[in-house]
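Q: Shown below is the structure under consideration.
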Amino acid sequence: MGGHLLEIKDLKGYYRGIFGVVRAVDGVSLTVDDGEVVGLAGESGCGKSTLAQLCSGSPNPLLHYESGQILVDGSDVYKTDPEVFRTEFKCKRMSYVPQASMDSLNPVRRIRDFVRDVVRERTGKKPSKVEVLTMAGDHFQKLGLERRVLDRYPHELSGGMKQRVVIGISTLWNPKLLVIDEPTSALDVTTQRLVIISLVSLKKAGIISSMLFVSHDITVLGQLCDRCAVMYGGKIVEVGSMNNILDNALHPYTSALISSVVSYDPERMGKGGLKSIPGSPPDLRDPPPGCRYHPRCEKAMEICRAREPPLGTIENARHVACWLYDG
Amino acid sequence: MMDEQMETLLHCDNLTKIYTSGLIRTKSVAAVKNVTFDVRKGEIVTLAGESGSGKTTVAKMILRLIEPTSGHIIFKGQDAFSYDRQEYYRMIQAIVQDPYSAYNPFYKVDRILEEAFGLYKNGPSPEERKEVIYSTLTRIGINPDEILGRYPHQLSGGQLQRLLIARPLMINSELVVADEATSMLDASTRAGILNLLLSLKEDQEMSVLFITHDIAQAQYISDSVLIMQQGEVVEQGPAEKVFSNPTCSYTKDLFACVPQLHKKWEC
């Protein structure tokens, strides 16, 4: 445990275009410690993926880094020289696996040739075929993939295998931190489990030491995360240990989110009991004043409409942004 | 409630679909093999399985989009393919996976609701139609004045999906085939749609054939369930029995892969 591996301080990232300014990430602070798996949960449109993209250092053209700091292993992502960042940082100290990245494999090249391209891009010299086969082959085996996968084309692989290939390629240089966005959302339950198990085994083998795992599915987060942050309307509303979040949610949004999750339980009998959250997430071009959740909140008070709650500390490593817990 | 006396609405008897490809050297794939099941009135039957297990092929055959290679679909005592098309689709309606692409972006959402009345030979008068639309939308928890006259892009996914559910209600369809109807929605809106389907079953005696890959949703909603693997039904029975006490080894493996909220895997 060597302090914070990823430290996000008051980060702001806005989308700017003809549609106006969307405050998708608006003042987020979060840390990921060495050896920790942190989950990021929330509905769609709450800024989870935007936050992950900002961490990658190369956001989409419309997404602009506004202010704040992202420190990876002590160095600021947006203050590092872009060329140094590309060759020294990416894939080597941190890796970002975007959403739907399994469709980004080159369809007309074998996996091994694709790996060669990536290696050349990152190191500046093109490795020989034998080098790639041994290096990537060894690495893929740790993920539970066969060496033969390297000789295949992407269309010959199943969705779960493609996802693991992408994870394998992005962890070739043993990055300390892996930021991974919805890796299992397009997969079946059986392949989803394989992908999660290979991520856990990557961490056990010491290839990666920490992970920021973005998912809308809180039951998946519960399987591998140590801590969890819940986002709503571009802000973090609650941070706590995974078990605390699941069993004893403090923020009204977190508890509403958890009670709306359909989960499988072999012992359950009968039906009903799920609650949906009325309304929809706020338009982040014009977020409501005060707490962004107050129009949908059952426990909204006068102060919620007027002033924004700060992310207060309840107890050790447990933070919540809600006026219910103020003082 | 689950008596044998409940009226059987749909009976599928040994449904098989074999796709063949190629002209001289033909290759065939059996997408669905000998599937037999009943849907009774006011019952929610779930087809669950991984992708490629043939769930959607069964739905397509019931919706008469493809013809079965062998086997019969009996709807209300008569072969499904013997009905007049218009009459058949008034009784059976589908809810599709992606509510965002089910609408024509150039037309107001009223139009997709109005179109449902086209399935009547002699439809109700415009005033009656308006009344039916208003009462149905109120029934499913939508404020008609907020929705009507809007374009699809102005509405949320949950609202669009609710409007698709309104269509079968307006024309009193007896069976709704919901193919992955909730998989594109957020958890918070998904619960609302599932609860809506459950309440329609209770109040309106609507039957639903619910198709999903999500075991958790299947457990939440269904009265009886069929687990499919590679075109074959490996386990079928009342939901309580199958989910709490699966007998087939494939079903057991499948259920073991489903993440549970308060229990961690050992890995």
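Starting from 1 in every chain, residues are counted up; chains themselves are A, B, ... following the order of the structure tokens, and ligands are numbered from 1 as listed.
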Compute the chain A side of the contact with chain B at 6 Å, counting only C-alpha atoms, and hand it back as a ChimeraX atom specification.
A: /A:189-190,219,223,260-264,266-267,271,276-277
Q: Got time to write the residues from that selection, N, CA and C atoms, as a PDB file, in the first residue's frame?
A:
```pdb
ATOM      1  N   VAL A 189     -23.855 -13.821 -19.490  1.00  0.00           N
ATOM      2  CA  VAL A 189     -23.430 -14.013 -18.102  1.00  0.00           C
ATOM      3  C   VAL A 189     -22.221 -14.934 -17.995  1.00  0.00           C
ATOM      4  N   THR A 190     -22.162 -15.969 -18.809  1.00  0.00           N
ATOM      5  CA  THR A 190     -21.044 -16.909 -18.684  1.00  0.00           C
ATOM      6  C   THR A 190     -19.732 -16.271 -19.116  1.00  0.00           C
ATOM      7  N   THR A 219     -24.350  -5.066  -9.518  1.00  0.00           N
ATOM      8  CA  THR A 219     -24.091  -6.437  -9.065  1.00  0.00           C
ATOM      9  C   THR A 219     -22.731  -6.927  -9.568  1.00  0.00           C
ATOM     10  N   GLN A 223     -18.911  -7.881  -7.350  1.00  0.00           N
ATOM     11  CA  GLN A 223     -18.106  -9.107  -7.423  1.00  0.00           C
ATOM     12  C   GLN A 223     -16.615  -8.844  -7.271  1.00  0.00           C
ATOM     13  N   SER A 260     -33.567  -0.647  -7.097  1.00  0.00           N
ATOM     14  CA  SER A 260     -34.133  -0.855  -8.426  1.00  0.00           C
ATOM     15  C   SER A 260     -33.405  -1.954  -9.189  1.00  0.00           C
ATOM     16  N   VAL A 261     -32.350  -2.504  -8.601  1.00  0.00           N
ATOM     17  CA  VAL A 261     -31.573  -3.529  -9.317  1.00  0.00           C
ATOM     18  C   VAL A 261     -32.285  -4.870  -9.228  1.00  0.00           C
ATOM     19  N   VAL A 262     -32.469  -5.474 -10.373  1.00  0.00           N
ATOM     20  CA  VAL A 262     -33.072  -6.805 -10.423  1.00  0.00           C
ATOM     21  C   VAL A 262     -31.935  -7.787 -10.194  1.00  0.00           C
ATOM     22  N   SER A 263     -31.942  -8.479  -9.089  1.00  0.00           N
ATOM     23  CA  SER A 263     -30.834  -9.411  -8.890  1.00  0.00           C
ATOM     24  C   SER A 263     -31.364 -10.823  -8.695  1.00  0.00           C
ATOM     25  N   TYR A 264     -30.518 -11.754  -9.075  1.00  0.00           N
ATOM     26  CA  TYR A 264     -30.912 -13.155  -8.979  1.00  0.00           C
ATOM     27  C   TYR A 264     -30.628 -13.660  -7.574  1.00  0.00           C
ATOM     28  N   PRO A 266     -31.446 -17.333  -5.542  1.00  0.00           N
ATOM     29  CA  PRO A 266     -32.135 -18.628  -5.627  1.00  0.00           C
ATOM     30  C   PRO A 266     -33.130 -18.841  -4.507  1.00  0.00           C
ATOM     31  N   GLU A 267     -32.969 -18.117  -3.388  1.00  0.00           N
ATOM     32  CA  GLU A 267     -33.883 -18.375  -2.271  1.00  0.00           C
ATOM     33  C   GLU A 267     -35.136 -17.516  -2.304  1.00  0.00           C
ATOM     34  N   LYS A 271     -42.997 -12.250  -6.003  1.00  0.00           N
ATOM     35  CA  LYS A 271     -42.613 -11.203  -6.932  1.00  0.00           C
ATOM     36  C   LYS A 271     -42.804  -9.839  -6.305  1.00  0.00           C
ATOM     37  N   SER A 276     -38.711   1.633  -9.024  1.00  0.00           N
ATOM     38  CA  SER A 276     -37.973   2.404 -10.016  1.00  0.00           C
ATOM     39  C   SER A 276     -37.850   3.836  -9.521  1.00  0.00           C
ATOM     40  N   ILE A 277     -36.867   4.550 -10.093  1.00  0.00           N
ATOM     41  CA  ILE A 277     -36.685   5.943  -9.703  1.00  0.00           C
ATOM     42  C   ILE A 277     -37.514   6.782 -10.663  1.00  0.00           C
TER      43      ILE A 277
END
```
Q: Just list the residues in stretch 49-246 of chain B DSSP gives strand (DSSP E or B) on the backbone, as a short mmCIF file (atom, residue, chain, number, x, y, z; two decimals) with N, CA and C atoms, in the first residue's frame.
A:
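Final output, saved to states-v5.cif:
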```
data_model
loop_
_atom_site.label_atom_id
_atom_site.label_comp_id
_atom_site.auth_asym_id
_atom_site.auth_seq_id
_atom_site.Cartn_x
_atom_site.Cartn_y
_atom_site.Cartn_z
N GLY B 49 -31.86 -17.78 -21.91
CA GLY B 49 -30.71 -18.52 -22.42
C GLY B 49 -29.66 -17.55 -22.91
N SER B 70 -40.73 -27.39 -39.12
CA SER B 70 -41.77 -28.35 -38.78
C SER B 70 -42.36 -27.95 -37.44
N GLY B 71 -43.49 -28.55 -37.11
CA GLY B 71 -44.15 -28.20 -35.85
C GLY B 71 -45.28 -27.22 -36.09
N HIS B 72 -46.07 -27.01 -35.05
CA HIS B 72 -47.24 -26.17 -35.19
C HIS B 72 -47.29 -25.10 -34.11
N ILE B 73 -47.87 -23.97 -34.49
CA ILE B 73 -48.18 -22.93 -33.52
C ILE B 73 -49.70 -22.81 -33.51
N ILE B 74 -50.28 -23.16 -32.38
CA ILE B 74 -51.74 -23.08 -32.28
C ILE B 74 -52.09 -21.88 -31.41
N PHE B 75 -52.79 -20.93 -31.98
CA PHE B 75 -53.21 -19.76 -31.22
C PHE B 75 -54.71 -19.78 -31.09
N GLN B 78 -56.48 -22.52 -33.12
CA GLN B 78 -56.42 -22.51 -34.58
C GLN B 78 -54.96 -22.29 -34.98
N ASP B 79 -54.57 -22.83 -36.13
CA ASP B 79 -53.19 -22.67 -36.55
C ASP B 79 -52.88 -21.18 -36.80
N ILE B 92 -51.77 -10.45 -31.40
CA ILE B 92 -50.39 -10.62 -30.93
C ILE B 92 -49.59 -9.39 -31.31
N GLN B 93 -48.93 -8.80 -30.33
CA GLN B 93 -48.09 -7.64 -30.62
C GLN B 93 -46.70 -7.88 -30.06
N ALA B 94 -45.74 -7.17 -30.61
CA ALA B 94 -44.36 -7.34 -30.15
C ALA B 94 -43.86 -6.06 -29.50
N ILE B 95 -43.00 -6.22 -28.51
CA ILE B 95 -42.25 -5.08 -27.96
C ILE B 95 -40.79 -5.39 -28.25
N LEU B 175 -51.78 -11.35 -26.47
CA LEU B 175 -50.43 -11.84 -26.18
C LEU B 175 -49.42 -10.79 -26.62
N VAL B 176 -48.46 -10.54 -25.75
CA VAL B 176 -47.39 -9.62 -26.10
C VAL B 176 -46.08 -10.39 -26.10
N VAL B 177 -45.35 -10.30 -27.19
CA VAL B 177 -44.04 -10.94 -27.26
C VAL B 177 -43.00 -9.86 -26.99
N ALA B 178 -42.35 -9.93 -25.83
CA ALA B 178 -41.38 -8.90 -25.45
C ALA B 178 -39.98 -9.47 -25.61
N ASP B 179 -39.33 -9.11 -26.71
CA ASP B 179 -38.01 -9.67 -26.99
C ASP B 179 -36.94 -8.73 -26.45
N SER B 207 -51.25 -11.78 -21.46
CA SER B 207 -50.21 -12.81 -21.44
C SER B 207 -48.96 -12.23 -22.07
N VAL B 208 -47.83 -12.62 -21.53
CA VAL B 208 -46.56 -12.10 -22.05
C VAL B 208 -45.62 -13.26 -22.30
N LEU B 209 -45.00 -13.26 -23.48
CA LEU B 209 -43.88 -14.16 -23.72
C LEU B 209 -42.64 -13.29 -23.61
N PHE B 210 -41.93 -13.45 -22.51
CA PHE B 210 -40.82 -12.55 -22.18
C PHE B 210 -39.51 -13.24 -22.54
N ILE B 211 -38.74 -12.60 -23.39
CA ILE B 211 -37.50 -13.21 -23.84
C ILE B 211 -36.33 -12.42 -23.29
N THR B 212 -35.42 -13.09 -22.61
CA THR B 212 -34.32 -12.35 -22.00
C THR B 212 -33.09 -13.23 -21.83
N SER B 224 -43.77 -19.09 -15.49
CA SER B 224 -43.12 -20.32 -15.86
C SER B 224 -41.98 -19.98 -16.81
N VAL B 225 -41.00 -20.85 -16.88
CA VAL B 225 -39.77 -20.48 -17.55
C VAL B 225 -39.23 -21.65 -18.38
N LEU B 226 -38.60 -21.31 -19.50
CA LEU B 226 -37.92 -22.31 -20.33
C LEU B 226 -36.46 -21.87 -20.47
N ILE B 227 -35.53 -22.76 -20.15
CA ILE B 227 -34.12 -22.45 -20.32
C ILE B 227 -33.67 -23.10 -21.62
N MET B 228 -33.12 -22.30 -22.52
CA MET B 228 -32.73 -22.84 -23.82
C MET B 228 -31.22 -22.88 -23.95
N GLN B 229 -30.74 -23.92 -24.62
CA GLN B 229 -29.32 -24.03 -24.92
C GLN B 229 -29.19 -24.57 -26.33
N GLU B 232 -32.25 -26.01 -28.04
CA GLU B 232 -33.07 -26.99 -27.35
C GLU B 232 -33.49 -26.45 -25.99
N VAL B 233 -34.67 -26.88 -25.55
CA VAL B 233 -35.10 -26.52 -24.21
C VAL B 233 -34.51 -27.55 -23.27
N VAL B 234 -33.64 -27.10 -22.35
CA VAL B 234 -33.02 -28.06 -21.44
C VAL B 234 -33.77 -28.18 -20.13
N GLU B 235 -34.53 -27.15 -19.80
CA GLU B 235 -35.29 -27.24 -18.56
C GLU B 235 -36.52 -26.36 -18.68
N GLN B 236 -37.65 -26.84 -18.24
CA GLN B 236 -38.83 -25.99 -18.25
C GLN B 236 -39.74 -26.34 -17.10
N GLY B 237 -40.46 -25.35 -16.59
CA GLY B 237 -41.33 -25.60 -15.46
C GLY B 237 -41.73 -24.31 -14.80
N PRO B 238 -42.46 -24.41 -13.68
CA PRO B 238 -42.84 -23.20 -12.94
C PRO B 238 -41.60 -22.47 -12.43
#
```
Q: Please return, as a ChimeraX atom specification, all residues of stretch 68-302 of chain A that DSSP assigns to alpha helix (DSSP H) on the basis of the backbone.
A: /A:82-84,111-123,129-142,159-170,189-204,218-224,242-247,252-259,302
Q: Name the residues in contact with A:Thr184 at a cut-off of 9 Å, using only C-alpha atoms, excluding same-chain residues fewer than 3 positions from it; report them as a PyMOL selection string.
A: chain A and resi 160+163+181+187-189+191-193+195-196+215+220
Q: Contacts of A:Arg109 at 12 Å or less, counting only C-alpha atoms, minus same-chain residues fewer than 2 places along, as number ranges by chain?
A: A: 104-107, 111-117, 150-156
Q: Mind pulling up the distance from atom CA of A:Pro278 to atom CA of B:Val109?
A: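 Separation of atom CA of B:Val109 and atom CA of A:Pro278: 21.2 Å.
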Q: Mind checking which residues fall within 10 Å of A:Asn243, counting only C-alpha atoms, ignoring those fewer than 5 positions away in the same chain, and posting them as a list in words?
A: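 Here the qualifying residues turn out to be Gly222, Cys225, Asp226, Arg227, Cys228, Asn248 and Ala249 of chain A; Leu261 and His262 of chain B.
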Q: Write the selection just made, keeping C-alpha atoms, as a short mmCIF file (atom, residue, chain, number, x, y, z; two decimals), in the first residue's frame?
A:
```cif
data_model
loop_
_atom_site.label_atom_id
_atom_site.label_comp_id
_atom_site.auth_asym_id
_atom_site.auth_seq_id
_atom_site.Cartn_x
_atom_site.Cartn_y
_atom_site.Cartn_z
CA GLY A 222 -20.01 -6.08 -6.16
CA CYS A 225 -14.51 -4.04 -6.16
CA ASP A 226 -13.09 -3.02 -2.80
CA ARG A 227 -14.53 0.46 -2.87
CA CYS A 228 -17.26 2.06 -4.89
CA ASN A 248 -26.07 0.35 4.03
CA ALA A 249 -26.39 3.06 1.40
CA LEU B 261 -26.06 -8.65 -5.06
CA HIS B 262 -24.98 -9.82 -1.64
#
```
Q: Return the single residue from B:Glu127, B:Glu7, B:Asp13, B:Glu146 that is closest to B:Glu205, with distances computed using only C-alpha atoms.
A: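 So, comparing all the options, the nearest one is B:Glu7.
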Q: What lies within 7 Å of stretch 13-27 of chain A using only C-alpha atoms, ignoring chain neighbours under 2 positions off, as a list of chain:residue names?
A: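 Using only C-alpha atoms, the neighbours found are A:Asp10, A:Leu11, A:Ser29, A:Gly47, A:Thr50, A:Leu51, A:Leu62, A:Leu63, A:His64, A:Tyr65, A:Glu66, A:Gly234, A:Lys235, A:Leu284, A:Arg285.
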Q: Write the residues of the selection above to a file with C-alpha atoms, as a PDB file, in the first residue's frame.
A:
```
ATOM      1  CA  ASP A  10     -11.730  18.795  -8.384  1.00  0.00           C
ATOM      2  CA  LEU A  11     -11.818  17.671 -12.000  1.00  0.00           C
ATOM      3  CA  SER A  29     -12.469  14.209  -6.523  1.00  0.00           C
ATOM      4  CA  GLY A  47     -20.702  11.168 -16.333  1.00  0.00           C
ATOM      5  CA  THR A  50     -16.613  10.896 -19.309  1.00  0.00           C
ATOM      6  CA  LEU A  51     -14.605  10.645 -16.116  1.00  0.00           C
ATOM      7  CA  LEU A  62     -15.906  17.503 -28.150  1.00  0.00           C
ATOM      8  CA  LEU A  63     -14.898  16.778 -24.589  1.00  0.00           C
ATOM      9  CA  HIS A  64     -12.712  19.451 -23.054  1.00  0.00           C
ATOM     10  CA  TYR A  65     -10.606  19.217 -19.951  1.00  0.00           C
ATOM     11  CA  GLU A  66     -11.441  22.379 -18.029  1.00  0.00           C
ATOM     12  CA  GLY A 234     -21.663  14.807 -13.108  1.00  0.00           C
ATOM     13  CA  LYS A 235     -20.828  14.648  -9.421  1.00  0.00           C
ATOM     14  CA  LEU A 284     -26.395  18.688 -17.700  1.00  0.00           C
ATOM     15  CA  ARG A 285     -26.567  21.734 -19.958  1.00  0.00           C
TER      16      ARG A 285
END
```
Q: Give me the residues within 8 Å of B:Val39 as a list in words, counting only C-alpha atoms and dropping any in the same chain fewer than 6 places off.
A: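 Residues near the query, excluding close chain neighbours: Thr8, Leu9, Leu10, His11, Val45, Ser207 and Leu209 of chain B.
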